[in-house]
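Participant: File name my_file33.json; file contents JSON, C-alpha atoms; full text below.
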[["chain", "number", "residue", "atom", "x", "y", "z"],
["W", 1, "MET", "CA", 1.54, -0.74, -23.48],
["W", 2, "ASN", "CA", 2.63, 2.60, -22.07],
["W", 3, "LEU", "CA", 1.86, 2.40, -18.36],
["W", 4, "VAL", "CA", 0.70, 5.65, -16.88],
["W", 5, "GLU", "CA", 0.36, 5.64, -13.13],
["W", 6, "PRO", "CA", -0.86, 8.27, -10.70],
["W", 7, "PRO", "CA", 1.98, 10.30, -9.23],
["W", 8, "VAL", "CA", 2.93, 9.85, -5.60],
["W", 9, "PRO", "CA", 1.41, 12.86, -3.77],
["W", 10, "ASP", "CA", 4.35, 13.23, -1.35],
["W", 11, "PRO", "CA", 7.32, 10.85, -1.80],
["W", 12, "GLY", "CA", 8.68, 11.93, 1.60],
["W", 13, "TRP", "CA", 5.51, 10.89, 3.47],
["W", 14, "PRO", "CA", 6.16, 8.49, 6.38],
["W", 15, "ARG", "CA", 5.66, 4.75, 5.92],
["W", 16, "TYR", "CA", 3.79, 2.72, 8.54],
["W", 17, "SER", "CA", 4.56, -0.81, 7.35],
["W", 18, "THR", "CA", 7.71, -2.59, 6.20],
["W", 19, "ARG", "CA", 5.85, -4.47, 3.48],
["W", 20, "GLU", "CA", 7.08, -3.84, -0.04],
["W", 21, "PHE", "CA", 4.94, -2.02, -2.55],
["W", 22, "PRO", "CA", 3.68, -3.85, -5.65],
["W", 23, "SER", "CA", 5.73, -3.48, -8.82],
["W", 24, "TYR", "CA", 3.17, -1.08, -10.32],
["W", 25, "ARG", "CA", -0.03, 0.81, -9.45],
["W", 26, "PHE", "CA", -3.01, -0.84, -11.08],
["W", 27, "VAL", "CA", -4.95, 1.54, -13.30],
["W", 28, "PRO", "CA", -7.97, -0.06, -15.02],
["W", 29, "GLY", "CA", -7.56, -0.15, -18.78],
["W", 30, "ARG", "CA", -3.91, 0.88, -18.59],
["W", 31, "SER", "CA", -2.12, -1.93, -16.78],
["W", 32, "PRO", "CA", -2.50, -5.69, -16.31],
["W", 33, "HIS", "CA", -5.16, -6.65, -13.78],
["W", 34, "PRO", "CA", -3.21, -7.65, -10.66],
["W", 35, "ARG", "CA", -5.13, -10.88, -9.99],
["W", 36, "ARG", "CA", -6.63, -11.95, -13.33],
["W", 37, "ASP", "CA", -3.78, -11.25, -15.76],
["W", 38, "PRO", "CA", -0.73, -13.56, -15.70],
["W", 39, "ARG", "CA", 1.41, -10.38, -15.84],
["W", 40, "GLY", "CA", -0.36, -9.00, -12.76],
["W", 41, "HIS", "CA", 1.62, -8.23, -9.62],
["W", 42, "ALA", "CA", -0.67, -10.44, -7.50],
["W", 43, "TYR", "CA", -1.41, -13.14, -10.07],
["W", 44, "GLY", "CA", -1.49, -16.60, -8.54],
["W", 45, "MET", "CA", -0.94, -15.32, -5.03],
["W", 46, "PRO", "CA", -3.26, -16.90, -2.48],
["W", 47, "ASP", "CA", -5.96, -14.67, -1.01],
["W", 48, "VAL", "CA", -5.20, -15.03, 2.69],
["W", 49, "PRO", "CA", -7.73, -13.47, 5.07],
["W", 50, "PRO", "CA", -6.13, -10.93, 7.42],
["W", 51, "PRO", "CA", -6.10, -11.50, 11.17],
["W", 52, "ARG", "CA", -8.72, -9.70, 13.24],
["W", 53, "HIS", "CA", -7.32, -7.01, 15.54],
["W", 54, "GLY", "CA", -10.25, -4.66, 16.08],
["W", 55, "PRO", "CA", -9.96, -0.87, 16.03],
["W", 56, "GLU", "CA", -8.02, -0.67, 19.30],
["W", 57, "GLY", "CA", -5.34, -3.00, 17.88],
["W", 58, "TRP", "CA", -4.59, -0.92, 14.78],
["W", 59, "ARG", "CA", -0.91, -0.47, 15.74],
["W", 60, "GLU", "CA", -0.42, -4.26, 15.63],
["W", 61, "ASN", "CA", -2.42, -4.61, 12.41],
["W", 62, "ASP", "CA", 0.18, -4.72, 9.64],
["W", 63, "VAL", "CA", -2.51, -5.20, 6.97],
["W", 64, "TYR", "CA", -4.16, -1.94, 8.07],
["W", 65, "ARG", "CA", -0.87, -0.03, 8.25],
["W", 66, "HIS", "CA", 0.14, -1.37, 4.82],
["W", 67, "GLY", "CA", -3.26, -0.36, 3.45],
["W", 68, "ILE", "CA", -2.64, 3.18, 4.67],
["W", 69, "ASP", "CA", 0.80, 3.14, 3.01],
["W", 70, "LEU", "CA", -0.77, 1.94, -0.23],
["W", 71, "TYR", "CA", -3.31, 4.78, -0.05],
["W", 72, "ASN", "CA", -0.70, 7.46, 0.70],
["W", 73, "PHE", "CA", 1.59, 6.32, -2.13],
["W", 74, "ALA", "CA", -1.19, 6.25, -4.78],
["W", 75, "TYR", "CA", -1.69, 2.48, -4.90],
["W", 76, "TRP", "CA", -5.40, 3.15, -4.65],
["W", 77, "TRP", "CA", -6.73, -0.08, -6.13],
["W", 78, "GLU", "CA", -4.32, -2.06, -3.97],
["W", 79, "CYS", "CA", -5.39, -0.06, -0.90],
["W", 80, "HIS", "CA", -8.97, -0.98, -1.64],
["W", 81, "GLU", "CA", -8.03, -4.66, -1.83],
["W", 82, "ALA", "CA", -6.04, -4.58, 1.43],
["W", 83, "LEU", "CA", -8.65, -2.72, 3.46],
["W", 84, "GLU", "CA", -11.59, -4.63, 1.98],
["W", 85, "GLY", "CA", -10.36, -7.80, 3.68],
["W", 86, "LEU", "CA", -10.43, -5.98, 7.02],
["W", 87, "TRP", "CA", -13.85, -4.51, 6.22],
["W", 88, "HIS", "CA", -15.24, -8.01, 5.62],
["W", 89, "LEU", "CA", -14.03, -9.02, 9.10],
["W", 90, "THR", "CA", -16.24, -6.29, 10.62],
["W", 91, "GLY", "CA", -19.40, -7.90, 9.27],
["W", 92, "HIS", "CA", -19.94, -4.67, 7.28],
["W", 93, "SER", "CA", -21.45, -2.84, 10.23],
["W", 94, "GLY", "CA", -20.32, -0.64, 13.07],
["W", 95, "THR", "CA", -17.86, 2.21, 13.43],
["W", 96, "GLU", "CA", -14.82, 0.31, 12.18],
["W", 97, "ALA", "CA", -16.73, -0.81, 9.06],
["W", 98, "GLN", "CA", -17.81, 2.77, 8.31],
["W", 99, "PHE", "CA", -14.25, 4.01, 8.77],
["W", 100, "LEU", "CA", -12.67, 1.38, 6.53],
["W", 101, "GLN", "CA", -15.37, 1.82, 3.89],
["W", 102, "GLY", "CA", -14.80, 5.59, 3.97],
["W", 103, "ILE", "CA", -11.10, 5.14, 3.23],
["W", 104, "ILE", "CA", -11.86, 2.54, 0.54],
["W", 105, "GLN", "CA", -14.31, 4.93, -1.11],
["W", 106, "THR", "CA", -11.79, 7.77, -0.93],
["W", 107, "ALA", "CA", -9.15, 5.59, -2.60],
["W", 108, "ALA", "CA", -11.66, 4.71, -5.32],
["W", 109, "ALA", "CA", -12.58, 8.38, -5.73],
["W", 110, "ASN", "CA", -8.89, 9.27, -6.11],
["W", 111, "LEU", "CA", -8.51, 6.61, -8.82],
["W", 112, "ARG", "CA", -11.68, 7.75, -10.61],
["W", 113, "ARG", "CA", -10.44, 11.33, -10.55],
["W", 114, "PHE", "CA", -7.07, 10.24, -11.99],
["W", 115, "LEU", "CA", -8.96, 8.45, -14.79],
["W", 116, "GLY", "CA", -10.91, 11.64, -15.56],
["W", 117, "SER", "CA", -14.26, 10.56, -14.09],
["W", 118, "THR", "CA", -14.92, 13.67, -12.01],
["W", 119, "GLU", "CA", -18.58, 12.79, -11.44],
["W", 120, "GLY", "CA", -17.70, 9.29, -10.24],
["W", 121, "ALA", "CA", -15.05, 10.78, -7.96],
["W", 122, "HIS", "CA", -17.56, 13.32, -6.65],
["W", 123, "ARG", "CA", -20.13, 10.61, -5.87],
["W", 124, "LEU", "CA", -17.63, 8.32, -4.13],
["W", 125, "GLY", "CA", -16.02, 11.23, -2.27],
["W", 126, "SER", "CA", -19.42, 12.40, -1.03],
["W", 127, "GLU", "CA", -20.27, 8.91, 0.22],
["W", 128, "ALA", "CA", -16.86, 8.64, 1.90],
["W", 129, "VAL", "CA", -17.39, 11.95, 3.72],
["W", 130, "GLN", "CA", -20.82, 10.81, 4.96],
["W", 131, "ARG", "CA", -19.39, 7.54, 6.28],
["W", 132, "LEU", "CA", -16.39, 9.19, 7.94],
["W", 133, "GLU", "CA", -18.54, 11.92, 9.51],
["W", 134, "SER", "CA", -20.69, 9.22, 11.13],
["W", 135, "ILE", "CA", -17.77, 8.22, 13.37],
["W", 136, "PRO", "CA", -18.30, 9.78, 16.80],
["W", 137, "GLU", "CA", -14.62, 10.03, 17.81],
["W", 138, "PRO", "CA", -12.38, 12.83, 16.45],
["W", 139, "ARG", "CA", -9.51, 10.31, 16.11],
["W", 140, "PHE", "CA", -10.09, 6.74, 15.04],
["W", 141, "MET", "CA", -7.56, 4.00, 14.37],
["W", 142, "GLY", "CA", -4.76, 6.56, 14.55],
["W", 143, "VAL", "CA", -6.33, 9.05, 12.12],
["W", 144, "ASP", "CA", -7.29, 12.68, 12.75],
["W", 145, "LEU", "CA", -10.68, 12.40, 11.09],
["W", 146, "GLY", "CA", -11.40, 16.13, 10.92],
["W", 147, "ALA", "CA", -8.33, 16.88, 8.81],
["W", 148, "PHE", "CA", -8.82, 13.87, 6.53],
["W", 149, "ILE", "CA", -12.55, 14.52, 6.03],
["W", 150, "GLN", "CA", -11.85, 18.16, 5.18],
["W", 151, "GLY", "CA", -9.25, 17.10, 2.62],
["W", 152, "VAL", "CA", -11.66, 14.64, 0.99],
["W", 153, "ARG", "CA", -14.42, 17.24, 0.99],
["W", 154, "ASP", "CA", -12.15, 19.91, -0.55],
["W", 155, "LEU", "CA", -10.94, 17.60, -3.33],
["W", 156, "HIS", "CA", -13.96, 15.51, -4.25],
["W", 157, "VAL", "CA", -17.08, 17.23, -2.93],
["W", 158, "GLU", "CA", -16.51, 20.97, -3.11],
["W", 159, "ARG", "CA", -13.72, 20.66, -5.70],
["W", 160, "THR", "CA", -11.85, 23.62, -4.21],
["W", 161, "SER", "CA", -8.51, 21.78, -3.99],
["W", 162, "GLU", "CA", -6.26, 19.72, -6.22],
["W", 163, "THR", "CA", -4.45, 18.14, -3.25],
["W", 164, "ILE", "CA", -4.87, 14.44, -2.53],
["W", 165, "PRO", "CA", -5.63, 14.15, 1.21],
["W", 166, "LEU", "CA", -3.05, 11.92, 2.86],
["W", 167, "ILE", "CA", -3.42, 9.90, 6.04],
["W", 168, "ARG", "CA", -1.01, 10.45, 8.90],
["W", 169, "LEU", "CA", -1.18, 7.82, 11.63],
["W", 170, "ASP", "CA", -0.39, 8.49, 15.27],
["W", 171, "VAL", "CA", 2.71, 6.45, 15.98]]
Show me, as structure tokens, the structure contained in the file I just sent.
Facilitator:
Amino acid sequence: MNLVEPPVPDPGWPRYSTREFPSYRFVPGRSPHPRRDPRGHAYGMPDVPPPRHGPEGWRENDVYRHGIDLYNFAYWWECHEALEGLWHLTGHSGTEAQFLQGIIQTAAANLRRFLGSTEGAHRLGSEAVQRLESIPEPRFMGVDLGAFIQGVRDLHVERTSETIPLIRLDV
């Protein structure tokens, strides 16, 4: 199978975690499913729930910082998996839940767009923007929300840009 992965938007982008990246970026229909296929990069690995840090503890939250790295380096399915564990810890409600879900939906929109599903990307991007705009603070968990939201809107909602919006954390 010829594996075709999304390109890394900016290989020089800063990393926020020391965790290694998976051996490949999962692309549905083009690469082995990470968990279900014996050739998958996460096959047989235990699903360990992440520790709870809360939004104010994002700097100490290596799972969160690794999830942001996965997003920025086009491991969008893997980003979804990493951040979904944190989202479950929120009870699926509140500001942190909306924020995490917004990033998860943006990662999914990026992957859909890469796969050629522009309408699916538009729908997910629109939902992500709505969730992220519901956050009352201009910066949340180290992210300048205004800049990120505008990037998501430009790419997936208004379709006036071809640039994948990246996430820069305050460090």
Participant: Which is closer to Glu56 of chain W than all the others in W:Ser93, W:Tyr16, W:Arg35, W:Met141, using all atoms listed in the file?
Facilitator: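 Smallest distance to Glu56 of chain W is found for W:Met141.
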Participant: To one decimal place, how far is atom CA of His80 of chain W from atom CA of Gln105 of chain W in Å?
Facilitator: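 About the pair atom CA of His80 of chain W and atom CA of Gln105 of chain W: they are 8.0 Å apart.
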Participant: Give me the residues near segment 157-168 of chain W as a ChimeraX atom specification, where near means some atom within 10 Å (using all atoms listed in the file) and where sequence neighbours in that chain fewer than 4 positions away do not count.
Facilitator: /W:8-10,13-16,68-69,71-74,103,106-107,110,118-119,121-129,142-145,147-153
Participant: For Leu100 of chain W, list every protein, DNA or RNA residue within 8 Å, evaluated using all atoms listed in the file, and leave out those in the same chain fewer than 6 positions away; present the list as a PDB file with C-alpha atoms, in the coordinates of the input.
Facilitator:
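Below you can see selection-v4.pdb, which holds the result:
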ATOM      1  CA  LEU W  83      -8.650  -2.720   3.460  1.00  0.00           C
ATOM      2  CA  GLU W  84     -11.590  -4.630   1.980  1.00  0.00           C
ATOM      3  CA  LEU W  86     -10.430  -5.980   7.020  1.00  0.00           C
ATOM      4  CA  TRP W  87     -13.850  -4.510   6.220  1.00  0.00           C
TER       5      TRP W  87
END
Participant: Pick the closest to Asp62 of chain W from W:Arg19, W:Cys79, W:Ala108, W:His33: which is it, counting all atoms listed in the file?
Facilitator: W:Arg19
Participant: Find, counting all atoms listed in the file, the residue in W:His66, W:His88, W:Arg112, W:Arg59 that gets nearest to Asp170 of chain W.
Facilitator: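 Residue with the minimum atom-to-atom distance to Asp170 of chain W: W:Arg59.
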Participant: Kindly write segment 51-140 of chain W with C-alpha atoms to a file, as a PDB file, in the first residue's frame.
Facilitator:
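Wrote it out as decode_26.pdb, contents follow:
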ATOM      1  CA  PRO W  51      -4.295  12.554  34.625  1.00  0.00           C
ATOM      2  CA  ARG W  52      -6.632  15.449  35.373  1.00  0.00           C
ATOM      3  CA  HIS W  53      -4.914  18.840  35.512  1.00  0.00           C
ATOM      4  CA  GLY W  54      -7.701  21.303  34.731  1.00  0.00           C
ATOM      5  CA  PRO W  55      -7.297  24.280  32.408  1.00  0.00           C
ATOM      6  CA  GLU W  56      -5.026  26.210  34.775  1.00  0.00           C
ATOM      7  CA  GLY W  57      -2.580  23.274  34.857  1.00  0.00           C
ATOM      8  CA  TRP W  58      -2.090  23.041  31.085  1.00  0.00           C
ATOM      9  CA  ARG W  59       1.679  23.642  31.344  1.00  0.00           C
ATOM     10  CA  GLU W  60       2.041  20.503  33.484  1.00  0.00           C
ATOM     11  CA  ASN W  61      -0.294  18.492  31.259  1.00  0.00           C
ATOM     12  CA  ASP W  62       1.991  16.535  28.934  1.00  0.00           C
ATOM     13  CA  VAL W  63      -0.973  14.803  27.267  1.00  0.00           C
ATOM     14  CA  TYR W  64      -2.400  18.208  26.305  1.00  0.00           C
ATOM     15  CA  ARG W  65       0.950  19.565  25.091  1.00  0.00           C
ATOM     16  CA  HIS W  66       1.556  16.372  23.090  1.00  0.00           C
ATOM     17  CA  GLY W  67      -1.944  16.662  21.609  1.00  0.00           C
ATOM     18  CA  ILE W  68      -1.090  20.174  20.434  1.00  0.00           C
ATOM     19  CA  ASP W  69       2.157  18.858  18.905  1.00  0.00           C
ATOM     20  CA  LEU W  70       0.218  16.114  17.137  1.00  0.00           C
ATOM     21  CA  TYR W  71      -2.196  18.718  15.750  1.00  0.00           C
ATOM     22  CA  ASN W  72       0.556  21.083  14.577  1.00  0.00           C
ATOM     23  CA  PHE W  73       2.500  18.299  12.843  1.00  0.00           C
ATOM     24  CA  ALA W  74      -0.539  16.912  10.947  1.00  0.00           C
ATOM     25  CA  TYR W  75      -1.169  13.866  13.140  1.00  0.00           C
ATOM     26  CA  TRP W  76      -4.808  14.871  13.186  1.00  0.00           C
ATOM     27  CA  TRP W  77      -6.386  11.519  14.016  1.00  0.00           C
ATOM     28  CA  GLU W  78      -3.820  10.999  16.768  1.00  0.00           C
ATOM     29  CA  CYS W  79      -4.502  14.514  18.097  1.00  0.00           C
ATOM     30  CA  HIS W  80      -8.171  13.659  18.289  1.00  0.00           C
ATOM     31  CA  GLU W  81      -7.365  10.510  20.277  1.00  0.00           C
ATOM     32  CA  ALA W  82      -5.042  12.333  22.703  1.00  0.00           C
ATOM     33  CA  LEU W  83      -7.373  15.252  23.384  1.00  0.00           C
ATOM     34  CA  GLU W  84     -10.509  13.102  23.534  1.00  0.00           C
ATOM     35  CA  GLY W  85      -9.204  11.458  26.700  1.00  0.00           C
ATOM     36  CA  LEU W  86      -8.872  14.896  28.292  1.00  0.00           C
ATOM     37  CA  TRP W  87     -12.304  15.904  26.996  1.00  0.00           C
ATOM     38  CA  HIS W  88     -13.861  12.858  28.703  1.00  0.00           C
ATOM     39  CA  LEU W  89     -12.324  14.006  32.007  1.00  0.00           C
ATOM     40  CA  THR W  90     -14.276  17.285  31.735  1.00  0.00           C
ATOM     41  CA  GLY W  91     -17.607  15.470  31.825  1.00  0.00           C
ATOM     42  CA  HIS W  92     -18.257  16.930  28.340  1.00  0.00           C
ATOM     43  CA  SER W  93     -19.388  20.273  29.703  1.00  0.00           C
ATOM     44  CA  GLY W  94     -17.900  23.621  30.580  1.00  0.00           C
ATOM     45  CA  THR W  95     -15.329  25.906  29.013  1.00  0.00           C
ATOM     46  CA  GLU W  96     -12.495  23.369  28.946  1.00  0.00           C
ATOM     47  CA  ALA W  97     -14.759  20.803  27.250  1.00  0.00           C
ATOM     48  CA  GLN W  98     -15.800  23.321  24.582  1.00  0.00           C
ATOM     49  CA  PHE W  99     -12.174  24.272  23.974  1.00  0.00           C
ATOM     50  CA  LEU W 100     -10.923  20.698  23.650  1.00  0.00           C
ATOM     51  CA  GLN W 101     -13.869  19.724  21.455  1.00  0.00           C
ATOM     52  CA  GLY W 102     -13.172  22.744  19.234  1.00  0.00           C
ATOM     53  CA  ILE W 103      -9.584  21.621  18.661  1.00  0.00           C
ATOM     54  CA  ILE W 104     -10.699  18.015  18.121  1.00  0.00           C
ATOM     55  CA  GLN W 105     -13.239  19.169  15.526  1.00  0.00           C
ATOM     56  CA  THR W 106     -10.629  21.336  13.815  1.00  0.00           C
ATOM     57  CA  ALA W 107      -8.249  18.366  13.604  1.00  0.00           C
ATOM     58  CA  ALA W 108     -11.056  16.265  12.126  1.00  0.00           C
ATOM     59  CA  ALA W 109     -11.895  19.053   9.664  1.00  0.00           C
ATOM     60  CA  ASN W 110      -8.243  19.210   8.586  1.00  0.00           C
ATOM     61  CA  LEU W 111      -8.227  15.448   7.986  1.00  0.00           C
ATOM     62  CA  ARG W 112     -11.529  15.576   6.081  1.00  0.00           C
ATOM     63  CA  ARG W 113     -10.179  18.367   3.908  1.00  0.00           C
ATOM     64  CA  PHE W 114      -7.020  16.353   3.193  1.00  0.00           C
ATOM     65  CA  LEU W 115      -9.244  13.430   2.143  1.00  0.00           C
ATOM     66  CA  GLY W 116     -11.161  15.695  -0.247  1.00  0.00           C
ATOM     67  CA  SER W 117     -14.371  15.993   1.788  1.00  0.00           C
ATOM     68  CA  THR W 118     -14.717  19.774   1.641  1.00  0.00           C
ATOM     69  CA  GLU W 119     -18.323  19.729   2.861  1.00  0.00           C
ATOM     70  CA  GLY W 120     -17.429  17.552   5.846  1.00  0.00           C
ATOM     71  CA  ALA W 121     -14.511  19.860   6.611  1.00  0.00           C
ATOM     72  CA  HIS W 122     -16.792  22.896   6.302  1.00  0.00           C
ATOM     73  CA  ARG W 123     -19.347  21.411   8.717  1.00  0.00           C
ATOM     74  CA  LEU W 124     -16.746  20.388  11.306  1.00  0.00           C
ATOM     75  CA  GLY W 125     -14.866  23.678  10.958  1.00  0.00           C
ATOM     76  CA  SER W 126     -18.080  25.647  11.463  1.00  0.00           C
ATOM     77  CA  GLU W 127     -18.901  23.662  14.612  1.00  0.00           C
ATOM     78  CA  ALA W 128     -15.344  24.147  15.889  1.00  0.00           C
ATOM     79  CA  VAL W 129     -15.578  27.920  15.398  1.00  0.00           C
ATOM     80  CA  GLN W 130     -18.894  28.035  17.298  1.00  0.00           C
ATOM     81  CA  ARG W 131     -17.430  26.076  20.212  1.00  0.00           C
ATOM     82  CA  LEU W 132     -14.233  28.115  20.356  1.00  0.00           C
ATOM     83  CA  GLU W 133     -16.120  31.424  20.118  1.00  0.00           C
ATOM     84  CA  SER W 134     -18.170  30.404  23.174  1.00  0.00           C
ATOM     85  CA  ILE W 135     -15.064  30.672  25.362  1.00  0.00           C
ATOM     86  CA  PRO W 136     -15.182  34.001  27.206  1.00  0.00           C
ATOM     87  CA  GLU W 137     -11.416  34.478  27.623  1.00  0.00           C
ATOM     88  CA  PRO W 138      -9.243  35.721  24.723  1.00  0.00           C
ATOM     89  CA  ARG W 139      -6.504  33.251  25.771  1.00  0.00           C
ATOM     90  CA  PHE W 140      -7.298  29.803  27.080  1.00  0.00           C
TER      91      PHE W 140
END
